[in-house]
>>> print(open('coords09.pdb').read())   # PDB, C-alpha atoms
ATOM      1  CA  MET W   1      62.891  39.756 -14.811
ATOM      2  CA  VAL W   2      61.666  37.123 -12.356
ATOM      3  CA  THR W   3      60.287  33.871 -13.719
ATOM      4  CA  THR W   4      58.384  31.152 -11.931
ATOM      5  CA  THR W   5      58.314  27.496 -12.732
ATOM      6  CA  THR W   6      55.552  25.017 -12.188
ATOM      7  CA  PRO W   7      56.526  21.720 -10.583
ATOM      8  CA  ALA W   8      56.357  18.823 -12.971
ATOM      9  CA  GLY W   9      53.014  17.018 -12.912
ATOM     10  CA  THR W  10      51.029  19.851 -11.288
ATOM     11  CA  GLY W  11      49.041  20.846 -14.350
ATOM     12  CA  PRO W  12      47.876  17.428 -15.547
ATOM     13  CA  THR W  13      46.659  16.342 -12.068
ATOM     14  CA  THR W  14      44.815  19.544 -11.124
ATOM     15  CA  ALA W  15      42.497  19.710 -14.130
ATOM     16  CA  PRO W  16      41.045  16.175 -13.829
ATOM     17  CA  ALA W  17      40.482  16.662 -10.094
ATOM     18  CA  SER W  18      38.609  19.905 -10.789
ATOM     19  CA  ARG W  19      36.485  18.218 -13.455
ATOM     20  CA  LYS W  20      35.745  15.370 -11.047
ATOM     21  CA  ARG W  21      34.491  17.830  -8.411
ATOM     22  CA  ASP W  22      32.335  19.588 -11.016
ATOM     23  CA  ASP W  23      30.862  16.255 -12.149
ATOM     24  CA  THR W  24      30.071  15.333  -8.540
ATOM     25  CA  ARG W  25      28.232  18.609  -7.967
ATOM     26  CA  LEU W  26      26.289  18.142 -11.203
ATOM     27  CA  ALA W  27      25.394  14.558 -10.288
ATOM     28  CA  LEU W  28      24.179  15.662  -6.842
ATOM     29  CA  LEU W  29      22.098  18.383  -8.483
ATOM     30  CA  PHE W  30      20.344  15.820 -10.676
ATOM     31  CA  ILE W  31      19.880  13.379  -7.777
ATOM     32  CA  LEU W  32      18.552  16.029  -5.387
ATOM     33  CA  PRO W  33      14.854  16.026  -6.560
ATOM     34  CA  ALA W  34      14.628  12.236  -6.296
ATOM     35  CA  LEU W  35      16.445  12.299  -2.963
ATOM     36  CA  ILE W  36      13.989  14.863  -1.586
ATOM     37  CA  GLY W  37      11.033  12.779  -2.743
ATOM     38  CA  PHE W  38      12.611   9.598  -1.316
ATOM     39  CA  THR W  39      13.153  11.295   2.042
ATOM     40  CA  VAL W  40       9.742  12.982   2.257
ATOM     41  CA  PHE W  41       7.604  10.104   0.991
ATOM     42  CA  LEU W  42       9.527   7.028   2.166
ATOM     43  CA  VAL W  43      12.178   7.632   4.827
ATOM     44  CA  TRP W  44      10.194  10.100   6.961
ATOM     45  CA  PRO W  45       6.899   8.105   6.907
ATOM     46  CA  THR W  46       8.837   4.954   7.804
ATOM     47  CA  LEU W  47      10.546   6.597  10.776
ATOM     48  CA  ARG W  48       7.261   8.246  11.804
ATOM     49  CA  GLY W  49       5.461   4.896  11.612
ATOM     50  CA  ILE W  50       8.107   3.195  13.763
ATOM     51  CA  TYR W  51       7.705   5.943  16.363
ATOM     52  CA  LEU W  52       3.887   5.715  16.316
ATOM     53  CA  SER W  53       4.080   1.941  16.791
ATOM     54  CA  PHE W  54       5.197   2.619  20.369
ATOM     55  CA  THR W  55       2.347   5.035  21.081
ATOM     56  CA  LYS W  56      -1.397   5.236  21.530
ATOM     57  CA  PHE W  57      -2.588   7.608  18.818
ATOM     58  CA  ASN W  58      -6.045   8.326  17.372
ATOM     59  CA  LEU W  59      -5.539  11.677  15.552
ATOM     60  CA  LEU W  60      -7.659  13.520  18.148
ATOM     61  CA  THR W  61      -5.022  13.623  20.878
ATOM     62  CA  PRO W  62      -1.215  13.799  20.801
ATOM     63  CA  PRO W  63       0.607  10.432  20.625
ATOM     64  CA  GLU W  64       0.950   8.866  24.071
ATOM     65  CA  PHE W  65       3.950   6.569  24.555
ATOM     66  CA  ASN W  66       2.879   3.090  25.671
ATOM     67  CA  GLY W  67       6.035   1.038  25.134
ATOM     68  CA  LEU W  68       5.531  -2.445  23.721
ATOM     69  CA  ASP W  69       1.770  -2.594  24.395
ATOM     70  CA  ASN W  70       0.900  -2.520  20.682
ATOM     71  CA  TYR W  71       3.292  -5.355  19.900
ATOM     72  CA  ILE W  72       2.019  -7.436  22.816
ATOM     73  CA  ARG W  73      -1.527  -6.868  21.596
ATOM     74  CA  MET W  74      -0.489  -7.873  18.071
ATOM     75  CA  VAL W  75       1.017 -11.161  19.236
ATOM     76  CA  GLN W  76      -2.209 -11.949  21.125
ATOM     77  CA  ASP W  77      -4.559 -10.829  18.313
ATOM     78  CA  PRO W  78      -6.146 -13.822  16.511
ATOM     79  CA  VAL W  79      -7.377 -11.574  13.674
ATOM     80  CA  PHE W  80      -3.797 -10.467  12.992
ATOM     81  CA  TRP W  81      -2.582 -14.056  12.736
ATOM     82  CA  ASN W  82      -5.534 -15.002  10.545
ATOM     83  CA  SER W  83      -4.721 -12.043   8.283
ATOM     84  CA  MET W  84      -1.101 -13.141   8.106
ATOM     85  CA  ARG W  85      -2.149 -16.690   7.235
ATOM     86  CA  VAL W  86      -4.512 -15.450   4.518
ATOM     87  CA  THR W  87      -1.783 -13.175   3.132
ATOM     88  CA  VAL W  88       0.786 -15.981   2.991
ATOM     89  CA  TYR W  89      -1.750 -18.215   1.225
ATOM     90  CA  TYR W  90      -2.455 -15.475  -1.307
ATOM     91  CA  VAL W  91       1.263 -14.829  -1.858
ATOM     92  CA  PHE W  92       1.902 -18.528  -2.502
ATOM     93  CA  VAL W  93      -0.935 -18.868  -5.031
ATOM     94  CA  ASN W  94      -0.070 -15.580  -6.738
ATOM     95  CA  ILE W  95       3.665 -16.293  -7.002
ATOM     96  CA  VAL W  96       3.226 -19.807  -8.389
ATOM     97  CA  LEU W  97       0.648 -18.796 -11.013
ATOM     98  CA  GLN W  98       2.376 -15.575 -12.038
ATOM     99  CA  THR W  99       5.913 -16.966 -12.257
ATOM    100  CA  VAL W 100       4.956 -20.092 -14.201
ATOM    101  CA  LEU W 101       2.712 -18.231 -16.673
ATOM    102  CA  ALA W 102       5.228 -15.397 -17.119
ATOM    103  CA  LEU W 103       8.031 -17.870 -17.782
ATOM    104  CA  VAL W 104       5.952 -19.740 -20.359
ATOM    105  CA  ILE W 105       4.917 -16.509 -22.112
ATOM    106  CA  ALA W 106       8.485 -15.163 -22.129
ATOM    107  CA  VAL W 107       9.938 -18.381 -23.561
ATOM    108  CA  MET W 108       7.235 -18.500 -26.251
ATOM    109  CA  MET W 109       7.991 -14.905 -27.247
ATOM    110  CA  GLN W 110      11.694 -15.743 -27.353
ATOM    111  CA  ARG W 111      11.477 -19.024 -29.261
ATOM    112  CA  LEU W 112       8.480 -18.414 -31.552
ATOM    113  CA  THR W 113       8.217 -14.707 -32.313
ATOM    114  CA  ARG W 114       9.752 -11.414 -31.205
ATOM    115  CA  ARG W 115       7.186  -9.064 -32.717
ATOM    116  CA  THR W 116       7.018  -5.709 -30.938
ATOM    117  CA  TRP W 117       3.223  -5.534 -31.180
ATOM    118  CA  LEU W 118       2.956  -8.840 -29.324
ATOM    119  CA  ARG W 119       5.042  -7.494 -26.448
ATOM    120  CA  GLY W 120       2.804  -4.437 -26.364
ATOM    121  CA  ALA W 121      -0.304  -6.621 -26.242
ATOM    122  CA  VAL W 122       1.155  -8.725 -23.416
ATOM    123  CA  LEU W 123       1.899  -5.563 -21.415
ATOM    124  CA  THR W 124      -1.553  -3.980 -21.981
ATOM    125  CA  PRO W 125      -3.263  -5.369 -18.815
ATOM    126  CA  TYR W 126      -0.485  -3.854 -16.700
ATOM    127  CA  LEU W 127      -1.569  -0.394 -17.894
ATOM    128  CA  VAL W 128      -4.970  -0.911 -16.242
ATOM    129  CA  SER W 129      -5.123   0.248 -12.628
ATOM    130  CA  ASN W 130      -5.815  -2.233  -9.835
ATOM    131  CA  VAL W 131      -9.128  -0.542  -9.038
ATOM    132  CA  VAL W 132     -10.391  -0.722 -12.627
ATOM    133  CA  ALA W 133      -9.302  -4.347 -12.995
ATOM    134  CA  ALA W 134     -11.037  -5.272  -9.727
ATOM    135  CA  MET W 135     -14.263  -3.539 -10.755
ATOM    136  CA  VAL W 136     -14.290  -5.239 -14.171
ATOM    137  CA  PHE W 137     -13.756  -8.698 -12.710
ATOM    138  CA  LEU W 138     -16.288  -7.987  -9.967
ATOM    139  CA  TRP W 139     -18.862  -7.671 -12.746
ATOM    140  CA  ILE W 140     -17.517 -10.561 -14.856
ATOM    141  CA  LEU W 141     -17.492 -12.993 -11.907
ATOM    142  CA  ASP W 142     -20.815 -11.954 -10.340
ATOM    143  CA  TYR W 143     -22.739 -15.041  -9.273
ATOM    144  CA  GLN W 144     -26.047 -14.075 -10.912
ATOM    145  CA  LEU W 145     -25.315 -11.557 -13.669
ATOM    146  CA  GLY W 146     -21.624 -12.003 -14.451
ATOM    147  CA  ILE W 147     -20.712 -13.115 -17.966
ATOM    148  CA  GLY W 148     -18.292 -15.652 -16.506
ATOM    149  CA  ASN W 149     -20.989 -17.521 -14.594
ATOM    150  CA  THR W 150     -23.403 -17.088 -17.510
ATOM    151  CA  ILE W 151     -20.980 -19.007 -19.741
ATOM    152  CA  ILE W 152     -20.447 -21.640 -17.032
ATOM    153  CA  ALA W 153     -24.214 -22.124 -16.707
ATOM    154  CA  ALA W 154     -24.633 -22.214 -20.499
ATOM    155  CA  ILE W 155     -22.335 -25.233 -20.806
ATOM    156  CA  GLY W 156     -24.282 -27.083 -18.127
ATOM    157  CA  LEU W 157     -22.065 -26.550 -15.073
ATOM    158  CA  ASP W 158     -23.046 -25.132 -11.705
ATOM    159  CA  ARG W 159     -22.388 -21.453 -11.107
ATOM    160  CA  ILE W 160     -19.367 -20.678  -8.933
ATOM    161  CA  ALA W 161     -19.383 -18.099  -6.138
ATOM    162  CA  PHE W 162     -15.912 -16.847  -7.027
ATOM    163  CA  LEU W 163     -15.836 -13.908  -4.610
ATOM    164  CA  SER W 164     -18.262 -15.096  -1.950
ATOM    165  CA  SER W 165     -16.912 -18.593  -1.305
ATOM    166  CA  GLU W 166     -14.214 -19.193   1.300
ATOM    167  CA  ALA W 167     -12.601 -21.806  -0.948
ATOM    168  CA  TRP W 168     -12.597 -19.696  -4.112
ATOM    169  CA  VAL W 169     -12.028 -16.134  -2.926
ATOM    170  CA  ILE W 170      -8.223 -16.108  -2.527
ATOM    171  CA  PRO W 171      -7.502 -18.015  -5.781
ATOM    172  CA  THR W 172      -9.878 -15.614  -7.564
ATOM    173  CA  ILE W 173      -8.177 -12.509  -6.168
ATOM    174  CA  ALA W 174      -4.822 -14.041  -7.105
ATOM    175  CA  PHE W 175      -6.093 -14.691 -10.649
ATOM    176  CA  ILE W 176      -7.203 -11.057 -11.030
ATOM    177  CA  ASN W 177      -3.800  -9.766  -9.991
ATOM    178  CA  VAL W 178      -1.977 -12.361 -12.104
ATOM    179  CA  TRP W 179      -3.986 -11.228 -15.132
ATOM    180  CA  ARG W 180      -2.829  -7.660 -14.564
ATOM    181  CA  HIS W 181       0.849  -8.280 -13.678
ATOM    182  CA  VAL W 182       1.840 -11.371 -15.674
ATOM    183  CA  GLY W 183       2.656  -9.363 -18.815
ATOM    184  CA  TYR W 184       5.086  -7.096 -16.970
ATOM    185  CA  THR W 185       6.719 -10.086 -15.281
ATOM    186  CA  ALA W 186       6.962 -11.892 -18.623
ATOM    187  CA  LEU W 187       8.761  -8.916 -20.180
ATOM    188  CA  LEU W 188      11.292  -8.879 -17.334
ATOM    189  CA  ILE W 189      12.010 -12.558 -17.962
ATOM    190  CA  PHE W 190      12.041 -11.948 -21.735
ATOM    191  CA  ALA W 191      14.731  -9.293 -21.212
ATOM    192  CA  GLY W 192      16.745 -11.854 -19.265
ATOM    193  CA  LEU W 193      16.400 -14.354 -22.097
ATOM    194  CA  GLN W 194      18.066 -11.874 -24.445
ATOM    195  CA  THR W 195      21.285 -12.200 -22.432
ATOM    196  CA  ILE W 196      21.591 -15.951 -23.128
ATOM    197  CA  PRO W 197      23.836 -16.547 -26.161
ATOM    198  CA  GLU W 198      22.074 -18.287 -29.055
ATOM    199  CA  THR W 199      25.192 -20.394 -29.586
ATOM    200  CA  LEU W 200      24.342 -22.383 -26.454
ATOM    201  CA  TYR W 201      21.031 -23.464 -27.966
ATOM    202  CA  GLU W 202      22.719 -24.273 -31.276
ATOM    203  CA  ALA W 203      25.216 -26.463 -29.427
ATOM    204  CA  GLY W 204      22.340 -28.162 -27.627
ATOM    205  CA  ARG W 205      20.560 -28.907 -30.903
ATOM    206  CA  MET W 206      23.756 -30.351 -32.371
ATOM    207  CA  ASP W 207      23.994 -32.657 -29.357
ATOM    208  CA  GLY W 208      20.407 -33.782 -29.966
ATOM    209  CA  ALA W 209      18.848 -32.055 -26.946
ATOM    210  CA  SER W 210      15.107 -31.493 -27.101
ATOM    211  CA  GLU W 211      13.445 -28.149 -26.336
ATOM    212  CA  PRO W 212      12.315 -29.278 -22.850
ATOM    213  CA  ARG W 213      15.848 -30.512 -22.094
ATOM    214  CA  MET W 214      17.409 -27.221 -23.235
ATOM    215  CA  PHE W 215      14.850 -25.346 -21.151
ATOM    216  CA  ARG W 216      15.853 -27.298 -18.037
ATOM    217  CA  SER W 217      19.598 -27.352 -18.657
ATOM    218  CA  ILE W 218      20.230 -23.982 -20.340
ATOM    219  CA  THR W 219      17.374 -21.525 -19.935
ATOM    220  CA  VAL W 220      16.453 -21.969 -16.265
ATOM    221  CA  PRO W 221      20.028 -22.050 -14.854
ATOM    222  CA  LEU W 222      21.142 -18.998 -16.848
ATOM    223  CA  LEU W 223      17.953 -17.115 -15.932
ATOM    224  CA  ARG W 224      18.579 -17.522 -12.209
ATOM    225  CA  PRO W 225      19.560 -13.883 -11.464
ATOM    226  CA  VAL W 226      16.546 -12.560 -13.407
ATOM    227  CA  LEU W 227      14.184 -15.064 -11.797
ATOM    228  CA  ALA W 228      15.553 -14.077  -8.379
ATOM    229  CA  LEU W 229      14.817 -10.422  -9.130
ATOM    230  CA  VAL W 230      11.328 -11.296 -10.383
ATOM    231  CA  LEU W 231      10.565 -13.360  -7.287
ATOM    232  CA  ILE W 232      11.752 -10.621  -4.930
ATOM    233  CA  ILE W 233       9.630  -8.006  -6.714
ATOM    234  CA  THR W 234       6.519 -10.192  -6.903
ATOM    235  CA  VAL W 235       6.757 -11.418  -3.300
ATOM    236  CA  VAL W 236       7.096  -7.887  -1.928
ATOM    237  CA  GLY W 237       4.240  -6.685  -4.150
ATOM    238  CA  SER W 238       2.027  -9.650  -3.238
ATOM    239  CA  PHE W 239       2.391  -9.023   0.497
ATOM    240  CA  GLN W 240       1.100  -5.495  -0.123
ATOM    241  CA  VAL W 241      -2.131  -6.527  -1.884
ATOM    242  CA  PHE W 242      -4.927  -4.150  -0.929
ATOM    243  CA  ASP W 243      -6.836  -2.538  -3.820
ATOM    244  CA  THR W 244      -8.337  -5.736  -5.206
ATOM    245  CA  VAL W 245      -9.570  -6.887  -1.787
ATOM    246  CA  ALA W 246     -10.958  -3.441  -0.900
ATOM    247  CA  ILE W 247     -12.997  -3.296  -4.122
ATOM    248  CA  THR W 248     -14.206  -6.886  -4.433
ATOM    249  CA  THR W 249     -14.684  -8.498  -1.021
ATOM    250  CA  ARG W 250     -13.645  -6.052   1.754
ATOM    251  CA  GLY W 251     -12.178  -8.991   3.645
ATOM    252  CA  GLY W 252     -15.114 -11.372   3.328
ATOM    253  CA  PRO W 253     -16.569 -13.856   3.419
ATOM    254  CA  VAL W 254     -15.959 -14.386   7.152
ATOM    255  CA  ASP W 255     -12.434 -12.904   7.005
ATOM    256  CA  ALA W 256     -11.436 -15.414   4.307
ATOM    257  CA  SER W 257      -9.848 -12.608   2.269
ATOM    258  CA  ARG W 258      -8.884 -10.224   5.072
ATOM    259  CA  VAL W 259      -5.261  -9.810   4.061
ATOM    260  CA  LEU W 260      -2.868  -8.010   6.377
ATOM    261  CA  GLN W 261      -2.819  -4.736   4.432
ATOM    262  CA  PHE W 262      -6.606  -4.501   4.543
ATOM    263  CA  TYR W 263      -6.642  -5.271   8.279
ATOM    264  CA  ILE W 264      -4.061  -2.515   8.871
ATOM    265  CA  TYR W 265      -6.206  -0.097   6.852
ATOM    266  CA  ASP W 266      -9.343  -1.087   8.780
ATOM    267  CA  VAL W 267      -7.648  -0.624  12.164
ATOM    268  CA  ALA W 268      -6.150   2.736  11.178
ATOM    269  CA  PHE W 269      -8.932   4.428   9.216
ATOM    270  CA  GLY W 270     -11.927   2.442  10.438
ATOM    271  CA  ARG W 271     -11.150   2.382  14.167
ATOM    272  CA  PHE W 272      -8.605   5.246  14.313
ATOM    273  CA  GLN W 273      -6.087   3.104  16.214
ATOM    274  CA  PHE W 274      -3.046   4.413  14.395
ATOM    275  CA  GLY W 275      -0.559   3.209  16.995
ATOM    276  CA  TYR W 276      -1.638  -0.406  16.683
ATOM    277  CA  ALA W 277      -1.858  -0.141  12.890
ATOM    278  CA  SER W 278       1.692   1.230  12.835
ATOM    279  CA  ALA W 279       2.912  -1.719  14.913
ATOM    280  CA  MET W 280       1.432  -4.173  12.412
ATOM    281  CA  SER W 281       2.997  -2.170   9.562
ATOM    282  CA  VAL W 282       6.407  -2.416  11.220
ATOM    283  CA  ALA W 283       5.892  -6.165  11.650
ATOM    284  CA  LEU W 284       5.072  -6.458   7.935
ATOM    285  CA  LEU W 285       8.185  -4.432   7.082
ATOM    286  CA  ILE W 286      10.358  -6.771   9.141
ATOM    287  CA  VAL W 287       8.795  -9.830   7.481
ATOM    288  CA  LEU W 288       9.478  -8.403   4.004
ATOM    289  CA  VAL W 289      13.072  -7.508   4.869
ATOM    290  CA  VAL W 290      13.747 -11.013   6.210
ATOM    291  CA  ILE W 291      12.087 -12.735   3.232
ATOM    292  CA  THR W 292      13.947 -10.535   0.740
ATOM    293  CA  PHE W 293      17.293 -11.202   2.451
ATOM    294  CA  ILE W 294      16.676 -14.962   2.460
ATOM    295  CA  GLN W 295      15.619 -14.936  -1.199
ATOM    296  CA  TYR W 296      18.682 -12.912  -2.172
ATOM    297  CA  ARG W 297      21.065 -15.234  -0.355
ATOM    298  CA  VAL W 298      19.462 -18.519  -1.382
ATOM    299  CA  SER W 299      19.049 -17.591  -5.059
ATOM    300  CA  ARG W 300      22.558 -16.046  -5.298
ATOM    301  CA  ALA W 301      21.030 -13.152  -7.200
ATOM    302  CA  ASP W 302      24.357 -11.304  -7.386
ATOM    303  CA  THR W 303      26.074 -14.012  -9.457
ATOM    304  CA  SER W 304      25.461 -15.387 -12.940
ATOM    305  CA  ASP W 305      26.435 -18.675 -14.565
ATOM    306  CA  LEU W 306      27.212 -16.748 -17.763
ATOM    307  CA  ASN W 307      30.454 -15.418 -16.263
TER     308      ASN W 307
END
>>> encode(input="coords09.pdb", output="structure tokens")
Amino acid sequence: MVTTTTPAGTGPTTAPASRKRDDTRLALLFILPALIGFTVFLVWPTLRGIYLSFTKFNLLTPPEFNGLDNYIRMVQDPVFWNSMRVTVYYVFVNIVLQTVLALVIAVMMQRLTRRTWLRGAVLTPYLVSNVVAAMVFLWILDYQLGIGNTIIAAIGLDRIAFLSSEAWVIPTIAFINVWRHVGYTALLIFAGLQTIPETLYEAGRMDGASEPRMFRSITVPLLRPVLALVLIITVVGSFQVFDTVAITTRGGPVDASRVLQFYIYDVAFGRFQFGYASAMSVALLIVLVVITFIQYRVSRADTSDLN
């Protein structure tokens, strides 16, 4: 009778390798639907937009390659630069208001109460769509009939043209979006606060540190990675503001609220100049990539002082 022997170590190494291959196939199977959606709805439109940015295209005729003409036109377009300036102004106001309020709300929830219902109430405005929020505030802030101006007039102050004044329109739009997003941002910061050991605050109290001092010396430094993430998310989202402007002001008065996303929409679907609109979209993409990279590097978002 002939017998065969198995080399030592063959059995134990073959089974784990087989299981690893099976796990990889299973993981790819689960990832596949999201990967298809990512490719179809993000990667392909991005590549298509970059291609169209070098063409003259109006939907009625095939794209006609025109080189850098769209980018040259963009650099020489005063409306584009005004839209960029308005967008940067909006982003600054929105980021400052939203980050400060979200930080205050998160710290209050952490230090005073951690009730689940309170977190749900804080998040409620985020469940309202941008369009609905814009329509509600369009009525509330109406110069003649809005309840906001009615209250202002009732206490003896002059009515304010929130959405029809060049000075007030961007802060008002920023306030509307802060109202909707501040709860979500606060919960992100609140989650970051949970990672800070309570023993650090107890040590601070034993040393006689006040709450403001502990906030400056403990909370803010240890929240740096979370705050970096929040700032990256809010800056990218703020540069893409569109719904609120489209519902409330449509870029007025006198282009005072014509943010870049609304100008791109107007050029593409109002004038059917899809090549030029694509060029401005690519420019916005480059700006966001550069800003995100700078934020990531400056804030050292990949490191934590807790380690």
>>> atom_distance(input="coords09.pdb", atom1="CA of Val100 in chain W", atom2="CA of Ile233 in chain W")
15.0 Å
>>> axis_aligned_box(input="coords09.pdb", around="range 84-90 of chain W", padding_each_side="5 Å", output="AutoDock Vina command-line options")
--center_x -1.9 --center_y -15.7 --center_z 3.4 --size_x 15.3 --size_y 15.1 --size_z 19.4
>>> atom_distance(input="coords09.pdb", atom1="CA of Gln261 in chain W", atom2="CA of Phe239 in chain W")
7.8 Å
>>> atom_distance(input="coords09.pdb", atom1="CA of Pro33 in chain W", atom2="CA of Arg48 in chain W")
21.3 Å
>>> residues_around(input="coords09.pdb", residues="range 285-287 of chain W", least_positions_apart="3", cutoff="12 Å", atoms="only C-alpha atoms", output="list in words")
Thr46, Leu47, Gly49, Ile50, Met84, Thr87, Val88, Val235, Val236, Phe239, Gln240, Leu260, Gln261, Ser278, Ala279, Met280, Ser281, Val282, Val290, Ile291, Thr292, Phe293 and Ile294 of chain W
>>> residues_around(input="coords09.pdb", residues="Val128 in chain W", least_positions_apart="6", cutoff="12 Å", atoms="all atoms listed in the file", output="PDB file with C-alpha atoms, keeping the file's coordinate frame")
ATOM      1  CA  ALA W 134     -11.037  -5.272  -9.727  1.00  0.00           C
ATOM      2  CA  MET W 135     -14.263  -3.539 -10.755  1.00  0.00           C
ATOM      3  CA  VAL W 136     -14.290  -5.239 -14.171  1.00  0.00           C
ATOM      4  CA  ILE W 176      -7.203 -11.057 -11.030  1.00  0.00           C
ATOM      5  CA  ASN W 177      -3.800  -9.766  -9.991  1.00  0.00           C
ATOM      6  CA  TRP W 179      -3.986 -11.228 -15.132  1.00  0.00           C
ATOM      7  CA  ARG W 180      -2.829  -7.660 -14.564  1.00  0.00           C
ATOM      8  CA  HIS W 181       0.849  -8.280 -13.678  1.00  0.00           C
ATOM      9  CA  GLY W 183       2.656  -9.363 -18.815  1.00  0.00           C
ATOM     10  CA  TYR W 184       5.086  -7.096 -16.970  1.00  0.00           C
TER      11      TYR W 184
END
>>> residues_around(input="coords09.pdb", residues="Phe262 in chain W", least_positions_apart="6", cutoff="8 Å", atoms="all atoms listed in the file", output="PyMOL selection string")
chain W and resi 242+245-246+250-251
>>> closest_residue(input="coords09.pdb", among="W:Thr199, W:Thr219, W:Thr172, W:Gln295", to="Asn94 in chain W", atoms="all atoms listed in the file")
W:Thr172
>>> residues_around(input="coords09.pdb", residues="Gly237 in chain W", least_positions_apart="4", cutoff="10 Å", atoms="all atoms listed in the file", output="PyMOL selection string")
chain W and resi 91+231-233+241+288
>>> write_last_selection(input="coords09.pdb", atoms="C-alpha atoms", output="compact mmCIF listing (two decimals), in the frame of the given file")
# COMPACT_ATOMS: atom_id res chain seq x y z
CA VAL W 91 1.26 -14.83 -1.86
CA LEU W 231 10.56 -13.36 -7.29
CA ILE W 232 11.75 -10.62 -4.93
CA ILE W 233 9.63 -8.01 -6.71
CA VAL W 241 -2.13 -6.53 -1.88
CA LEU W 288 9.48 -8.40 4.00
>>> closest_residue(input="coords09.pdb", among="W:Phe215, W:Tyr201, W:Tyr126, W:Phe162", to="Leu187 in chain W", atoms="all atoms listed in the file")
W:Tyr126
>>> resolve_selection(input="coords09.pdb", expression="the PyMOL selection byres ((chain W and resi 72-76) around 10)", output="VMD selection string")
chain W and resid 67 to 71 77 to 81 276 to 277 279 to 280 283
>>> closest_residue(input="coords09.pdb", among="W:Val107, W:Ala186, W:Val230, W:Ile152", to="Met214 in chain W", atoms="all atoms listed in the file")
W:Val107
>>> resolve_selection(input="coords09.pdb", expression="the PyMOL selection byres ((chain W and resi 58) around 6)", output="PDB file with C-alpha atoms, keeping the file's coordinate frame")
ATOM      1  CA  PHE W  57      -2.588   7.608  18.818  1.00  0.00           C
ATOM      2  CA  LEU W  59      -5.539  11.677  15.552  1.00  0.00           C
ATOM      3  CA  LEU W  60      -7.659  13.520  18.148  1.00  0.00           C
ATOM      4  CA  PHE W 272      -8.605   5.246  14.313  1.00  0.00           C
ATOM      5  CA  GLN W 273      -6.087   3.104  16.214  1.00  0.00           C
ATOM      6  CA  PHE W 274      -3.046   4.413  14.395  1.00  0.00           C
TER       7      PHE W 274
END
>>> closest_residue(input="coords09.pdb", among="W:Asn66, W:Thr24, W:Thr248, W:Asn149", to="Leu163 in chain W", atoms="all atoms listed in the file")
W:Thr248
>>> closest_residue(input="coords09.pdb", among="W:Ser257, W:Thr234, W:Thr249, W:Thr113", to="Thr99 in chain W", atoms="all atoms listed in the file")
W:Thr234
>>> closest_residue(input="coords09.pdb", among="W:Val43, W:Ala161, W:Leu141, W:Ala106", to="Phe190 in chain W", atoms="all atoms listed in the file")
W:Ala106
>>> residues_around(input="coords09.pdb", residues="Ser217 in chain W", least_positions_apart="5", cutoff="12 Å", atoms="only C-alpha atoms", output="PyMOL selection string")
chain W and resi 200-201+204+209-212+222-224+305
